[in-house]
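Have a look at the structure below, then the notes.
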Amino acid sequence: MNIPYTVEERPDSGLANGKLGIWLFLASEVMLFGALFSTYIILRTGAPEWPHGELSVLLGAINTVILISSSVTMVLAWASLKLNDWGKHRLYLIMTFVLAGVFLVNKYFEYSEHFHEGQVPAHSTFFAIYYTLTGLHGLHILGGMIVMLYLLGPGAKMWKKNPDQFANRIEYTGLYWHFVDLVWIFLFPVLYLL
Amino acid sequence: MSHSDPAAVRKSINTYFMVGAALLVFTAITVGVNRIHLASIALAITVALIIAVMKGSMVAAVFMHLSHERKWIYGALLLTLAFWIVLMSVPLFTTMDNIGTPIRVPSAAPAEHKGR
């Protein structure tokens with residue numbers, strides 16, 4: 001039995017089910033990160049002093065550039081499918097995957113440097129919330145990479161039998177990926193600059 | 001959806017590149033403003049958050065296609081926004097109530113104040 005409305009739009013919502021599904025998931029993600037941002041505000045306003053300059057602005061800025069670039073390549077991966085250009089789609093999706101990997105490698109070096117200096121989560125309130133926020137964000141990057149790997153590997157077969165459904169899957173992956181980028185756009189100034 | 005027309009997609013690709021470039025410029029501005037060391041931390045936070053909101057809006061409107069989406073998506077997001085505002089007000093509630101402030105009771109023994 002086929003799952004209905006994977007490609008065609010529902011008459012009531014005007015949306016394919018996956019589209020509404022991913023947006024509801026992102027809404028729950030807004031609340032998840034929102035709760036942690038709210039925690040950050042409580043911790044910061046309640047702290048007698050808040051450290052400045054503990055993190056490398058250069059590394060944070062480089063990771064911002066990496067994520068923004070990966071958002072561009074992700075949306076281009078989807079647009080290439082819409083133009084029936086499979087080669088470009090693969091190229092852009094691989095680029096997005098590689099950029100995500102570079103982000104995590106960068107983060108690994110950042111974390112290990114802090115750990116080396118004894119700046120573990122128990123070091124201070126700042127580092128506790130820093131590791132919580134960036135750790136959760138990092139897990140989201142990893143999750144996105146797993147989905148991309150699937151779409152580059154076994155999931156790519158769908159393009160032959162059902163190109164529209166495959167394009168939708170790429171679109172939903174993109175929506176998730178842009179959200180992960182959006183979270184970082186707020187994490188960067190909040191943790192690295194202010 | 002409106003993006004199925006190849007000509008429209010080609011046009012969108014230019015927009016994606018332009019928005020990507022604008023996001024990088026805004027990132028540079030955020031870092032640059034931070035190096036100036038603004039007069040107060042409140043001003044620095046305000047400026048950084050305004051730029052972040054602008055960047056976030058561009059990602060949502062263009063990359064996530066929210067500039068032309070169905071009303072069900074807008075409805076779901078409006079509901080999310082309402083709950084998000086409540087969530088962000090939690091820190092405010094904690095400063096507005098009197099939880100954690102010592103209650104002075106004249107007849108209470110001094111030892112009871114030490115607990116706080």
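Note on naming: chains are A, B, ... as they come in the structure tokens, residues start from 1 per chain, ligands start from 1 in the order shown.
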### Task
Would you kindly return, as a list in words, each protein, DNA or RNA residue with an atom no farther than 12 Å from any atom of Tyr131 (chain A), considering only C-alpha atoms and excluding same-chain residues fewer than 3 positions away?
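In the requested format, the answer is Leu36, Tyr40, Leu55, Lys107, Tyr108, Glu110, Tyr111, Ser112, His114, Phe115, Gln119, Val120, Pro121, Ala122, His123, Ser124, Thr125, Phe126, Phe127, Ala128, Thr134, Gly135, Leu136, His137, Gly138, Leu139, Leu187 and Leu191 of chain A.
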Dump as an mmCIF file, in the first residue's frame, selection limited to N, CA, C and O atoms:
```cif
data_model
loop_
_atom_site.group_PDB
_atom_site.id
_atom_site.type_symbol
_atom_site.label_atom_id
_atom_site.label_comp_id
_atom_site.auth_asym_id
_atom_site.auth_seq_id
_atom_site.Cartn_x
_atom_site.Cartn_y
_atom_site.Cartn_z
ATOM 1 N N LEU A 36 16.650 26.203 26.036
ATOM 2 C CA LEU A 36 18.056 26.334 26.420
ATOM 3 C C LEU A 36 18.538 27.789 26.339
ATOM 4 O O LEU A 36 19.349 28.225 27.156
ATOM 5 N N TYR A 40 19.955 30.018 29.351
ATOM 6 C CA TYR A 40 21.160 30.856 29.223
ATOM 7 C C TYR A 40 20.898 32.252 29.815
ATOM 8 O O TYR A 40 21.725 32.778 30.565
ATOM 9 N N LEU A 55 36.310 32.171 24.366
ATOM 10 C CA LEU A 55 36.248 31.378 23.134
ATOM 11 C C LEU A 55 36.959 32.100 22.003
ATOM 12 O O LEU A 55 37.070 33.335 22.013
ATOM 13 N N LYS A 107 35.063 22.068 15.378
ATOM 14 C CA LYS A 107 34.492 22.044 16.736
ATOM 15 C C LYS A 107 35.292 21.084 17.624
ATOM 16 O O LYS A 107 35.501 21.349 18.808
ATOM 17 N N TYR A 108 35.743 19.968 17.032
ATOM 18 C CA TYR A 108 36.534 18.995 17.788
ATOM 19 C C TYR A 108 37.821 19.653 18.293
ATOM 20 O O TYR A 108 38.184 19.519 19.464
ATOM 21 N N GLU A 110 38.351 22.794 18.732
ATOM 22 C CA GLU A 110 37.971 23.814 19.707
ATOM 23 C C GLU A 110 37.738 23.168 21.083
ATOM 24 O O GLU A 110 38.267 23.639 22.094
ATOM 25 N N TYR A 111 36.935 22.111 21.094
ATOM 26 C CA TYR A 111 36.633 21.404 22.348
ATOM 27 C C TYR A 111 37.918 20.875 22.986
ATOM 28 O O TYR A 111 38.134 21.039 24.183
ATOM 29 N N SER A 112 38.764 20.206 22.171
ATOM 30 C CA SER A 112 39.947 19.570 22.758
ATOM 31 C C SER A 112 40.893 20.606 23.345
ATOM 32 O O SER A 112 41.532 20.354 24.366
ATOM 33 N N HIS A 114 39.961 23.435 24.750
ATOM 34 C CA HIS A 114 39.361 23.831 26.036
ATOM 35 C C HIS A 114 39.570 22.739 27.088
ATOM 36 O O HIS A 114 39.898 23.043 28.237
ATOM 37 N N PHE A 115 39.379 21.495 26.688
ATOM 38 C CA PHE A 115 39.561 20.384 27.634
ATOM 39 C C PHE A 115 41.006 20.344 28.117
ATOM 40 O O PHE A 115 41.279 20.086 29.281
ATOM 41 N N GLN A 119 39.113 23.503 30.825
ATOM 42 C CA GLN A 119 37.804 24.168 30.704
ATOM 43 C C GLN A 119 36.739 23.148 30.312
ATOM 44 O O GLN A 119 36.180 23.182 29.221
ATOM 45 N N VAL A 120 36.466 22.255 31.241
ATOM 46 C CA VAL A 120 35.452 21.206 31.041
ATOM 47 C C VAL A 120 34.087 21.785 31.435
ATOM 48 O O VAL A 120 34.025 22.881 31.998
ATOM 49 N N PRO A 121 32.987 21.066 31.174
ATOM 50 C CA PRO A 121 31.676 21.633 31.546
ATOM 51 C C PRO A 121 31.565 22.040 33.014
ATOM 52 O O PRO A 121 30.876 23.012 33.340
ATOM 53 N N ALA A 122 32.257 21.314 33.913
ATOM 54 C CA ALA A 122 32.167 21.633 35.341
ATOM 55 C C ALA A 122 33.008 22.846 35.731
ATOM 56 O O ALA A 122 32.952 23.303 36.870
ATOM 57 N N HIS A 123 33.771 23.387 34.761
ATOM 58 C CA HIS A 123 34.679 24.506 35.064
ATOM 59 C C HIS A 123 33.931 25.751 35.534
ATOM 60 O O HIS A 123 34.318 26.412 36.483
ATOM 61 N N SER A 124 32.853 26.087 34.841
ATOM 62 C CA SER A 124 32.079 27.280 35.203
ATOM 63 C C SER A 124 30.679 27.189 34.612
ATOM 64 O O SER A 124 30.422 26.337 33.747
ATOM 65 N N THR A 125 29.799 28.068 35.067
ATOM 66 C CA THR A 125 28.436 28.106 34.518
ATOM 67 C C THR A 125 28.488 28.382 33.016
ATOM 68 O O THR A 125 27.738 27.802 32.240
ATOM 69 N N PHE A 126 29.402 29.297 32.627
ATOM 70 C CA PHE A 126 29.519 29.645 31.208
ATOM 71 C C PHE A 126 29.837 28.406 30.376
ATOM 72 O O PHE A 126 29.182 28.141 29.368
ATOM 73 N N PHE A 127 30.852 27.630 30.814
ATOM 74 C CA PHE A 127 31.234 26.464 30.015
ATOM 75 C C PHE A 127 30.160 25.377 30.063
ATOM 76 O O PHE A 127 30.003 24.628 29.100
ATOM 77 N N ALA A 128 29.423 25.302 31.162
ATOM 78 C CA ALA A 128 28.339 24.313 31.251
ATOM 79 C C ALA A 128 27.291 24.579 30.170
ATOM 80 O O ALA A 128 26.913 23.677 29.417
ATOM 81 N N THR A 134 26.236 24.096 22.358
ATOM 82 C CA THR A 134 26.993 23.729 21.154
ATOM 83 C C THR A 134 27.001 22.208 20.957
ATOM 84 O O THR A 134 27.042 21.733 19.822
ATOM 85 N N GLY A 135 26.958 21.443 22.074
ATOM 86 C CA GLY A 135 26.908 19.979 21.974
ATOM 87 C C GLY A 135 25.620 19.520 21.314
ATOM 88 O O GLY A 135 25.636 18.683 20.412
ATOM 89 N N LEU A 136 24.494 20.103 21.750
ATOM 90 C CA LEU A 136 23.206 19.748 21.155
ATOM 91 C C LEU A 136 23.173 20.154 19.678
ATOM 92 O O LEU A 136 22.699 19.408 18.816
ATOM 93 N N HIS A 137 23.730 21.342 19.392
ATOM 94 C CA HIS A 137 23.790 21.803 18.006
ATOM 95 C C HIS A 137 24.675 20.869 17.175
ATOM 96 O O HIS A 137 24.325 20.508 16.047
ATOM 97 N N GLY A 138 25.801 20.451 17.758
ATOM 98 C CA GLY A 138 26.712 19.530 17.075
ATOM 99 C C GLY A 138 26.030 18.199 16.753
ATOM 100 O O GLY A 138 26.233 17.635 15.681
ATOM 101 N N LEU A 139 25.197 17.722 17.695
ATOM 102 C CA LEU A 139 24.452 16.473 17.446
ATOM 103 C C LEU A 139 23.492 16.648 16.272
ATOM 104 O O LEU A 139 23.272 15.720 15.494
ATOM 105 N N LEU A 187 23.650 31.321 18.043
ATOM 106 C CA LEU A 187 24.627 30.828 19.022
ATOM 107 C C LEU A 187 25.947 31.596 18.929
ATOM 108 O O LEU A 187 26.578 31.873 19.950
ATOM 109 N N LEU A 191 27.313 33.291 22.335
ATOM 110 C CA LEU A 191 28.367 32.614 23.087
ATOM 111 C C LEU A 191 29.764 33.188 22.833
ATOM 112 O O LEU A 191 30.585 33.270 23.753
#
```
### Task
Select residues of chain B: the criterion is any atom within 9 Å of an atom of chain A, counting only C-alpha atoms; output as a VMD selection string.
chain B and resid 3 to 7 9 to 10 12 to 13 16 to 17 19 to 21 23 to 24 27 to 28 30 to 31 34 41 44 to 45 48 to 49 52 to 53 55 to 57 59 to 60 63 to 65 70 to 73 76 to 77 79 to 81 83 to 84 87 to 92 94
### Message
For the alpha helix (DSSP H) assignment from backbone DSSP, which residues of region 16-194 of chain A qualify? Please present them as a PyMOL selection string.
### Response
chain A and resi 17-46+57-82+86-116+125-152+158-161+163-187
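Reported to one decimal place, the separation of CA of Asn168 (chain A) from CA of Asn17 (chain A) is 10.3 Å.
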### Query
So what do you get for CA of Gly155 (chain A) versus CA of Arg169 (chain A), distance-wise?
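Answer for the CA of Gly155 (chain A) to CA of Arg169 (chain A) separation: 9.5 Å.
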### Selected residue, from A:Thr132, A:Thr173, A:Ser56, A:Asn106, that lies nearest to Met145 (chain A) when counting only C-alpha atoms
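For Met145 (chain A), the nearest of the candidates is A:Thr173.
Each of B:Val62, B:Ala42, B:Ala8, B:Ile36 was checked against Ala22 (chain B) using only C-alpha atoms; the smallest atom-to-atom distance is that of B:Val62.
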